[in-house]
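Have a look at the structure below, then the notes.
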Protein chains: 2
Amino acid sequence: MPEHTPDISETGRCTECNGADSLLATLVGSGVEVCFANPGTSEMHFVSALDRIPGMRGVLCLFEGVATGAADGYARMTGKPACTLLHLGPGFANGMANLHNARKGSSPVVNIVGDHATYHVRFDAPLTSNVEGFAEAISHWVRRPRSSRTVAVDAAEAVRAARMSPGQVATLILPADTAWLPAERPAPALEIPGPAPVFPDAVEAAARALTNGKKTAILMRGSVLHGEGLNAAGCVAAKTGATLFCDTFTTRMRSGAGAPVVERLPYRGKHVLARLDEFEQLLLVGGEPPVSFFAYPGQESWLTPPHCAILTLAHPAEDGNTALLDLAAAVSASPDCVLYPLDPPALPGDGPLTAEAAMRTVAALLPDDAVIADEGITSSLPHANMLATAAPHDYLSLTGGAIGSILPLSTGAAVGAPDRKVVCLVGDGSAMYTVQALWTQARENLDVVTVVYANRSYAVLNHELKLVRAASTGDKALSLLDLHDPALDWVRIAEGMGVEAVRAETTKSFADALRSALSAKGPRLIEAVI
Amino acid sequence: MPEHTPDISETGRCTECNGADSLLATLVGSGVEVCFANPGTSEMHFVSALDRIPGMRGVLCLFEGVATGAADGYARMTGKPACTLLHLGPGFANGMANLHNARKGSSPVVNIVGDHATYHVRFDAPLTSNVEGFAEAISHWVRRPRSSRTVAVDAAEAVRAARMSPGQVATLILPADTAWLPAERPAPALEIPGPAPVFPDAVEAAARALTNGKKTAILMRGSVLHGEGLNAAGCVAAKTGATLFCDTFTTRMRSGAGAPVVERLPYRGKHVLARLDEFEQLLLVGGEPPVSFFAYPGQESWLTPPHCAILTLAHPAEDGNTALLDLAAAVSASPDCVLYPLDPPALPGDGPLTAEAAMRTVAALLPDDAVIADEGITSSLPHANMLATAAPHDYLSLTGGAIGSILPLSTGAAVGAPDRKVVCLVGDGSAMYTVQALWTQARENLDVVTVVYANRSYAVLNHELKLVRAASTGDKALSLLDLHDPALDWVRIAEGMGVEAVRAETTKSFADALRSALSAKGPRLIEAVI
């Protein structure tokens, strides 16, 4: 096959371009700058195009769940989509769990999934699969270009689909021949519609509710938690006495000194019901009323108390930030009311390391403007309130509940925010699902400190098993939740993938290790034995 | 919730049983004895039932792709399904790539996928997903029980669906309340229909073709490669001069001394076409005509030469073993014609380790009746013909082309064949996808020796990239195929998961390491630096 050297002129015409060239140029022109890739044979023309079309950074991932989780993390920090490059149906399938998390967190992601050439599908070769079936089960938008001459337009539409407010998963299935056959030009970037404006009536109704003397909870989700809207909500709360809440798991939230205090709803449904019992009104901004994470026999799924009225200020696709600014004005809240001082907790005294002491140490030593990515469901999450007075930071967590998101998420967050320290907090069970992310952190020298809480258990499940059975449970059931035998050695695992690592068993050694890791540049891992 | 103690009487009635108890008792009664599990909250009643209902071995896997790949390997060695236990849609998704391999290899697998309680789905909690969409895209059979009282019957049908000839993927979606609500009794095992008998006409037609003087290739797939049919095919070949072939990738094939020589079709389509060019007739036993693994510009997808007539002795669901025995009789082949002596290659002389020397060493040292699981696409597969005169063994490979199958496959094969040594040959790129399998091997003390060929590259893709571009390729493309920076340290990775490991860089050190690993009992890993 002859070498081709595409030339994209200023008029946008493309000489000697194939479909892959036109696709890549369109993605770059539409603002997609990073590709988290685990390619295969059917993606080789796309890979080859990376050397001809400037502007796309390729980041190799050794498992597809790392690629999709990293795209989610990148989107959370930049507000725009990266693309993934995945190999046919099974490669896409390996990325689906973290696409589920991205979908539930409204992160924009553009997946490029290679497939067999259009004419090859009917031969049912070993890697032939129902790619559309896989893709449609998890994506908001799916398309399979019919020709190399339409790939560019389809790619521009994929980017627009991903960026539709509040953020979507878009999947472009790329038959190999639509990548290698000729194309004419890249497609121009499409205009991205902003979030829908909120009805003025909704702001007025919310303002009336907040001043009617009833006790009000404000539950926020999505981009309103990033900063501007959050600060306005803090002013509204200060003025009206309302209480600010967020979901148990948030896509990204500004937290720490300078940000208003937002109370995280508890994980368990009955605790949510108990916490909300005092409220007469629930005002929703960008989200839905709370529901139970799982169902349990005899317990409620719907967690708004019967006596609590529900009002919606902004639906997820609407402009909640402007709505909160308007609401602050409507209740005459001071626009610069909020100023919480920096007051991190003191370091714990020496002793055996506990989950609480570890989080206290993180809160004490956290550098300014860090990013915390938290999937320590039983270890860090219960103590996350210690971060409220720590240095200002962004806090990311497990939006879709599919564990195994956070090492990839940290990887992508570090690519998207290269000047900020990323601190990843994760249980040992969770960390194993997508442990290959450590290699990409080493390869790209990403500034991520990973703390693995080595409790050597699916700890959350031990509790769940107790909920199922009142009396003692036998060995066979318990053995399916226990990670002691053998104990995972996280220092060796991390070093095996090129990440410097150390084990800490006391509060002092943990503080030393964390201080050292935070002062270095590049990936580090600490096994926190608790 | 009160403790319940189910009692299953001899009449099959079940006192104090819940749906999970009735499900588990039905699975055990239907011959399912092993559960490869990665459970979550919604599966806790199933997990708890393991302590009350005897007969099911639970094997914990730290990633779902390990569970499904292990179920595939178990089925290949035992001919019967294990079940997997997976956590909602994302957990199922993580197992889909290896279910794809199982599907393409016709391995029977029963997936139990927990889901939210029936009444909880409408609340769209974080882990709510389109489980049916996921499952239907990859399974032959899918069902969601409507009630705890039907779970048992549905489970019996799932097992029957999995065992339909030649083997299927059956997925039972288990809403949490159908597990925890009361059930009456387990369901009796259903009769499993055997493979359909082959038409006598087909045997006669094949016999006539084999004696008509034309040059004939016999292409076999499926259970005919296990032994009985294979030996008959060897006698037919010896009598008629036909040449025996198998697909590039086989589910399970008897190989080595005592088995007839079966030639593996080459990986690349143009090489298959060239190899088959001399044949005038292609006789199919249990499979389809060969097609190209991938499509390439200007190359054929269909690989039977135009001058070669295609005959089918047995379709995949038919009884190819009996058909081959009948065919041997029809051509008057001696039923005990085949006896190849043991003649393994000599050990290579000392020197830097190469892929060829490594395979020569494996063939030389292979113990009797071992199981070889091979996913060394560029490292071991090209030299697999050296195994033809090695000690008798079963040979498993990558049926669906979704790399990342073989560490899990070896794990399940070792569970299914506990008295045999499993030798797993795998490239470093492949091994990373489902590296968590090593932990399960250590946990269960499985007798698996894993050889990781550390070429530090997606080697097959470097070749594919060259096929795409005639001239030299730039750094960005190459960097997406290269695993040097940082190099994976497989000794540390394996030790981190509890598996003893050693690195070999010379032929002598590799032979020493392999000899030592083969003489031990339990999992070992050798990093073969080539």
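Letters A, B, ... go to the chains of the structure tokens in the order shown; residues in each chain start at 1; ligands are counted from 1 in the same order.
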
Contact residues around Phe36 (chain B) with only C-alpha atoms at 12 Å, ignoring same-chain residues under 6 positions, as JSON, numbers by chain: {"A": [480], "B": [47, 56, 57, 58, 59, 60, 61, 62, 63, 64, 65, 66, 67, 68, 69, 70, 71, 72, 73, 74, 75, 81, 82, 83, 84, 85, 86, 95, 109, 110, 111, 112, 113, 408, 409, 411, 412, 415, 416, 437, 440, 444]}

Nearby residues (only C-alpha atoms) at most 8 Å from region 423-427 of chain A, same-chain spacing under 4 positions excluded, as a list in words: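 Neighbouring residues, sequence-local ones excluded: Ala370, Val371, Ile372, Ala373, Asp374, Glu375, Gly376, Ile377, Thr378, Ser379, Ser380, Ile406, Leu407, Ser410, Ala431, Val448, Val449, Thr450, Val451, Val452, Tyr453, Ala454 and Asn455 of chain A.
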
All residues 8 Å or closer to Leu518 (chain A), only C-alpha atoms, same chain fewer than 2 positions away omitted, as a PyMOL selection string: chain A and resi 367+421+449+514-516+520-521

Please dump the current selection as a PDB file, in the first residue's frame; keep all heavy atoms.
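Final output, again.pdb:
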ATOM      1  N   PRO A 367      -1.901  19.903  49.416  1.00  0.00           N
ATOM      2  CA  PRO A 367      -1.414  21.153  48.843  1.00  0.00           C
ATOM      3  C   PRO A 367      -2.562  21.961  48.234  1.00  0.00           C
ATOM      4  O   PRO A 367      -3.645  21.433  48.016  1.00  0.00           O
ATOM      5  CB  PRO A 367      -0.439  20.687  47.755  1.00  0.00           C
ATOM      6  CG  PRO A 367      -0.916  19.340  47.364  1.00  0.00           C
ATOM      7  CD  PRO A 367      -1.552  18.733  48.585  1.00  0.00           C
ATOM      8  N   LYS A 421      -1.782  18.757  41.610  1.00  0.00           N
ATOM      9  CA  LYS A 421      -1.500  17.457  42.207  1.00  0.00           C
ATOM     10  C   LYS A 421      -2.803  16.671  42.327  1.00  0.00           C
ATOM     11  O   LYS A 421      -3.803  17.174  42.834  1.00  0.00           O
ATOM     12  CB  LYS A 421      -0.884  17.669  43.599  1.00  0.00           C
ATOM     13  CG  LYS A 421      -0.514  16.416  44.334  1.00  0.00           C
ATOM     14  CD  LYS A 421       0.651  15.664  43.705  1.00  0.00           C
ATOM     15  CE  LYS A 421       1.990  16.272  44.040  1.00  0.00           C
ATOM     16  NZ  LYS A 421       3.119  15.449  43.479  1.00  0.00           N
ATOM     17  N   VAL A 449      -0.665  10.942  43.252  1.00  0.00           N
ATOM     18  CA  VAL A 449      -0.323  10.160  44.443  1.00  0.00           C
ATOM     19  C   VAL A 449      -1.509   9.255  44.758  1.00  0.00           C
ATOM     20  O   VAL A 449      -2.603   9.741  45.032  1.00  0.00           O
ATOM     21  CB  VAL A 449      -0.041  11.073  45.657  1.00  0.00           C
ATOM     22  CG1 VAL A 449       0.247  10.225  46.893  1.00  0.00           C
ATOM     23  CG2 VAL A 449       1.098  12.023  45.352  1.00  0.00           C
ATOM     24  N   LEU A 514       3.423  10.379  52.682  1.00  0.00           N
ATOM     25  CA  LEU A 514       2.561  11.293  51.928  1.00  0.00           C
ATOM     26  C   LEU A 514       3.280  12.616  51.666  1.00  0.00           C
ATOM     27  O   LEU A 514       3.213  13.161  50.555  1.00  0.00           O
ATOM     28  CB  LEU A 514       1.255  11.531  52.697  1.00  0.00           C
ATOM     29  CG  LEU A 514       0.220  12.377  51.959  1.00  0.00           C
ATOM     30  CD1 LEU A 514      -0.214  11.707  50.650  1.00  0.00           C
ATOM     31  CD2 LEU A 514      -1.001  12.640  52.842  1.00  0.00           C
ATOM     32  N   ARG A 515       3.997  13.120  52.676  1.00  0.00           N
ATOM     33  CA  ARG A 515       4.735  14.370  52.506  1.00  0.00           C
ATOM     34  C   ARG A 515       5.758  14.214  51.373  1.00  0.00           C
ATOM     35  O   ARG A 515       5.894  15.076  50.516  1.00  0.00           O
ATOM     36  CB  ARG A 515       5.424  14.729  53.824  1.00  0.00           C
ATOM     37  CG  ARG A 515       5.729  16.199  53.982  1.00  0.00           C
ATOM     38  CD  ARG A 515       6.392  16.485  55.320  1.00  0.00           C
ATOM     39  NE  ARG A 515       5.461  16.646  56.423  1.00  0.00           N
ATOM     40  CZ  ARG A 515       5.382  15.821  57.467  1.00  0.00           C
ATOM     41  NH1 ARG A 515       6.166  14.760  57.547  1.00  0.00           N
ATOM     42  NH2 ARG A 515       4.521  16.071  58.425  1.00  0.00           N
ATOM     43  N   SER A 516       6.441  13.098  51.392  1.00  0.00           N
ATOM     44  CA  SER A 516       7.455  12.844  50.369  1.00  0.00           C
ATOM     45  C   SER A 516       6.830  12.739  48.986  1.00  0.00           C
ATOM     46  O   SER A 516       7.309  13.330  48.005  1.00  0.00           O
ATOM     47  CB  SER A 516       8.203  11.556  50.721  1.00  0.00           C
ATOM     48  OG  SER A 516       8.944  11.102  49.626  1.00  0.00           O
ATOM     49  N   ALA A 520       7.223  15.375  45.577  1.00  0.00           N
ATOM     50  CA  ALA A 520       7.817  14.932  44.317  1.00  0.00           C
ATOM     51  C   ALA A 520       6.879  15.275  43.175  1.00  0.00           C
ATOM     52  O   ALA A 520       5.731  15.642  43.373  1.00  0.00           O
ATOM     53  CB  ALA A 520       8.065  13.425  44.373  1.00  0.00           C
ATOM     54  N   LYS A 521       7.389  15.130  41.967  1.00  0.00           N
ATOM     55  CA  LYS A 521       6.569  15.316  40.768  1.00  0.00           C
ATOM     56  C   LYS A 521       6.519  13.961  40.070  1.00  0.00           C
ATOM     57  O   LYS A 521       7.550  13.337  39.846  1.00  0.00           O
ATOM     58  CB  LYS A 521       7.217  16.369  39.873  1.00  0.00           C
ATOM     59  CG  LYS A 521       6.431  16.719  38.636  1.00  0.00           C
ATOM     60  CD  LYS A 521       5.505  17.889  38.849  1.00  0.00           C
ATOM     61  CE  LYS A 521       4.736  18.206  37.570  1.00  0.00           C
ATOM     62  NZ  LYS A 521       3.620  19.133  37.816  1.00  0.00           N
TER      63      LYS A 521
END

Alpha helix (DSSP H) positions in region 40-168 of chain A, given as number ranges by chain: A: 44-49, 64-78, 88-104, 131-136, 151-163

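Closest approach to Ala513 (chain A) among A:Ser148, A:Asn445, A:Thr361, A:Asn385: A:Thr361, based on only C-alpha atoms.
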
10 Å contact set for Arg275 (chain B), only C-alpha atoms, chain neighbours under 3 positions out, as a list in words: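 Here the answer would be Leu265, Pro266, Gly269, Lys270, His271, Val272, Glu278, Phe279, Leu303 and Pro305 of chain B.
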
Per-residue DSSP, region 8-105 of chain B, filtered to strand (DSSP E), as a PyMOL selection string: chain B and resi 8+14-15+34-37+57-60+83-87

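When only C-alpha atoms are used to compute distances to chain B, the closest of the residues A:Ala205, A:Leu230, A:Ala161, A:Leu465 turns out to be A:Leu465.
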
Residue neighbourhood Leu23 (chain A), 10 Å, only C-alpha atoms, exclusion window fewer than 2 positions, as a ChimeraX atom specification: /A:17-21,25-29,46,49,53,112,148-156,174,178-179,183,185-187

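You will find CA of Ala93 (chain A) at 11.9 Å from CA of Ser139 (chain A).
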
Nearest to chain B by atom-to-atom distance, counting only C-alpha atoms, from A:Pro6, A:Pro145, A:Gly91, A:Pro341: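 Nearest candidate to chain B out of A:Pro6, A:Pro145, A:Gly91, A:Pro341: A:Gly91.
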
Do you know which residues are at most 9 Å from Ile403 (chain B) counting only C-alpha atoms, after dropping those on the same chain fewer than 4 positions away, and could you put them as a compact mmCIF listing (two decimals) with N, CA and C atoms, in the first residue's frame?
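Done, and the output landed in part_1.txt:
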# COMPACT_ATOMS: atom_id res chain seq x y z
N PRO A 90 -15.32 -6.48 21.77
CA PRO A 90 -14.74 -6.82 23.07
C PRO A 90 -13.92 -5.70 23.70
N GLY A 91 -13.20 -4.93 22.89
CA GLY A 91 -12.46 -3.80 23.43
C GLY A 91 -13.41 -2.76 24.01
N ALA B 97 -15.87 -9.47 27.32
CA ALA B 97 -14.84 -9.80 26.33
C ALA B 97 -14.53 -11.30 26.40
N ASN B 98 -14.41 -11.84 27.59
CA ASN B 98 -14.13 -13.27 27.67
C ASN B 98 -15.37 -14.12 27.43
N ASN B 101 -15.14 -14.67 23.80
CA ASN B 101 -14.26 -15.81 23.49
C ASN B 101 -14.95 -17.14 23.75
N GLU B 375 -1.60 -17.92 24.39
CA GLU B 375 -1.98 -16.62 23.83
C GLU B 375 -0.72 -15.79 23.56
N LEU B 398 -6.99 -18.93 21.75
CA LEU B 398 -7.81 -17.71 21.84
C LEU B 398 -8.92 -17.75 20.80
N GLY B 429 1.75 -7.97 26.52
CA GLY B 429 0.59 -7.13 26.24
C GLY B 429 -0.70 -7.84 26.61
N SER B 430 -0.85 -9.07 26.16
CA SER B 430 -2.05 -9.85 26.47
C SER B 430 -2.24 -10.05 27.97
N ALA B 431 -1.14 -10.36 28.64
CA ALA B 431 -1.25 -10.74 30.05
C ALA B 431 -1.77 -9.61 30.93
N TYR B 433 -4.21 -7.50 30.44
CA TYR B 433 -5.66 -7.23 30.43
C TYR B 433 -6.38 -7.81 31.63

Å distance separating CA of Phe510 (chain B) from CA of Asp350 (chain B), one decimal place: 9.7 Å

Who sits within 8 Å of Thr128 (chain A), only C-alpha atoms, same chain under 5 positions skipped, as a VMD selection string: chain A and resid 88 to 89 116 121

Just write the chosen residues, all heavy atoms, as a PDB file, in the first residue's frame.
ATOM      1  N   LEU A  88     -12.796  -3.030  18.452  1.00  0.00           N
ATOM      2  CA  LEU A  88     -13.985  -3.857  18.178  1.00  0.00           C
ATOM      3  C   LEU A  88     -14.878  -4.043  19.420  1.00  0.00           C
ATOM      4  O   LEU A  88     -14.681  -3.382  20.433  1.00  0.00           O
ATOM      5  CB  LEU A  88     -13.562  -5.222  17.598  1.00  0.00           C
ATOM      6  CG  LEU A  88     -12.781  -5.132  16.286  1.00  0.00           C
ATOM      7  CD1 LEU A  88     -11.347  -5.539  16.486  1.00  0.00           C
ATOM      8  CD2 LEU A  88     -13.409  -6.002  15.217  1.00  0.00           C
ATOM      9  N   GLY A  89     -15.846  -4.930  19.307  1.00  0.00           N
ATOM     10  CA  GLY A  89     -16.816  -5.113  20.382  1.00  0.00           C
ATOM     11  C   GLY A  89     -16.195  -5.462  21.718  1.00  0.00           C
ATOM     12  O   GLY A  89     -16.485  -4.816  22.730  1.00  0.00           O
ATOM     13  N   HIS A 116     -14.629  -4.351  11.953  1.00  0.00           N
ATOM     14  CA  HIS A 116     -14.247  -4.937  10.672  1.00  0.00           C
ATOM     15  C   HIS A 116     -14.686  -4.038   9.520  1.00  0.00           C
ATOM     16  O   HIS A 116     -15.651  -3.272   9.643  1.00  0.00           O
ATOM     17  CB  HIS A 116     -14.910  -6.308  10.521  1.00  0.00           C
ATOM     18  CG  HIS A 116     -14.281  -7.377  11.367  1.00  0.00           C
ATOM     19  ND1 HIS A 116     -12.919  -7.577  11.421  1.00  0.00           N
ATOM     20  CD2 HIS A 116     -14.822  -8.295  12.184  1.00  0.00           C
ATOM     21  CE1 HIS A 116     -12.663  -8.589  12.229  1.00  0.00           C
ATOM     22  NE2 HIS A 116     -13.787  -9.037  12.717  1.00  0.00           N
ATOM     23  N   VAL A 121     -17.968  -8.008   7.639  1.00  0.00           N
ATOM     24  CA  VAL A 121     -18.796  -8.381   8.790  1.00  0.00           C
ATOM     25  C   VAL A 121     -19.555  -9.680   8.533  1.00  0.00           C
ATOM     26  O   VAL A 121     -19.667 -10.538   9.413  1.00  0.00           O
ATOM     27  CB  VAL A 121     -19.769  -7.239   9.137  1.00  0.00           C
ATOM     28  CG1 VAL A 121     -20.764  -7.668  10.201  1.00  0.00           C
ATOM     29  CG2 VAL A 121     -18.982  -6.012   9.620  1.00  0.00           C
TER      30      VAL A 121
END

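Distance-wise, CA of Glu527 (chain A) and CA of Val491 (chain A) end up 6.7 Å apart.
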
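The residue that comes closest to chain B, out of A:Arg122, A:Arg221, A:His315, A:Arg163 and on the basis of only C-alpha atoms, is A:Arg122.
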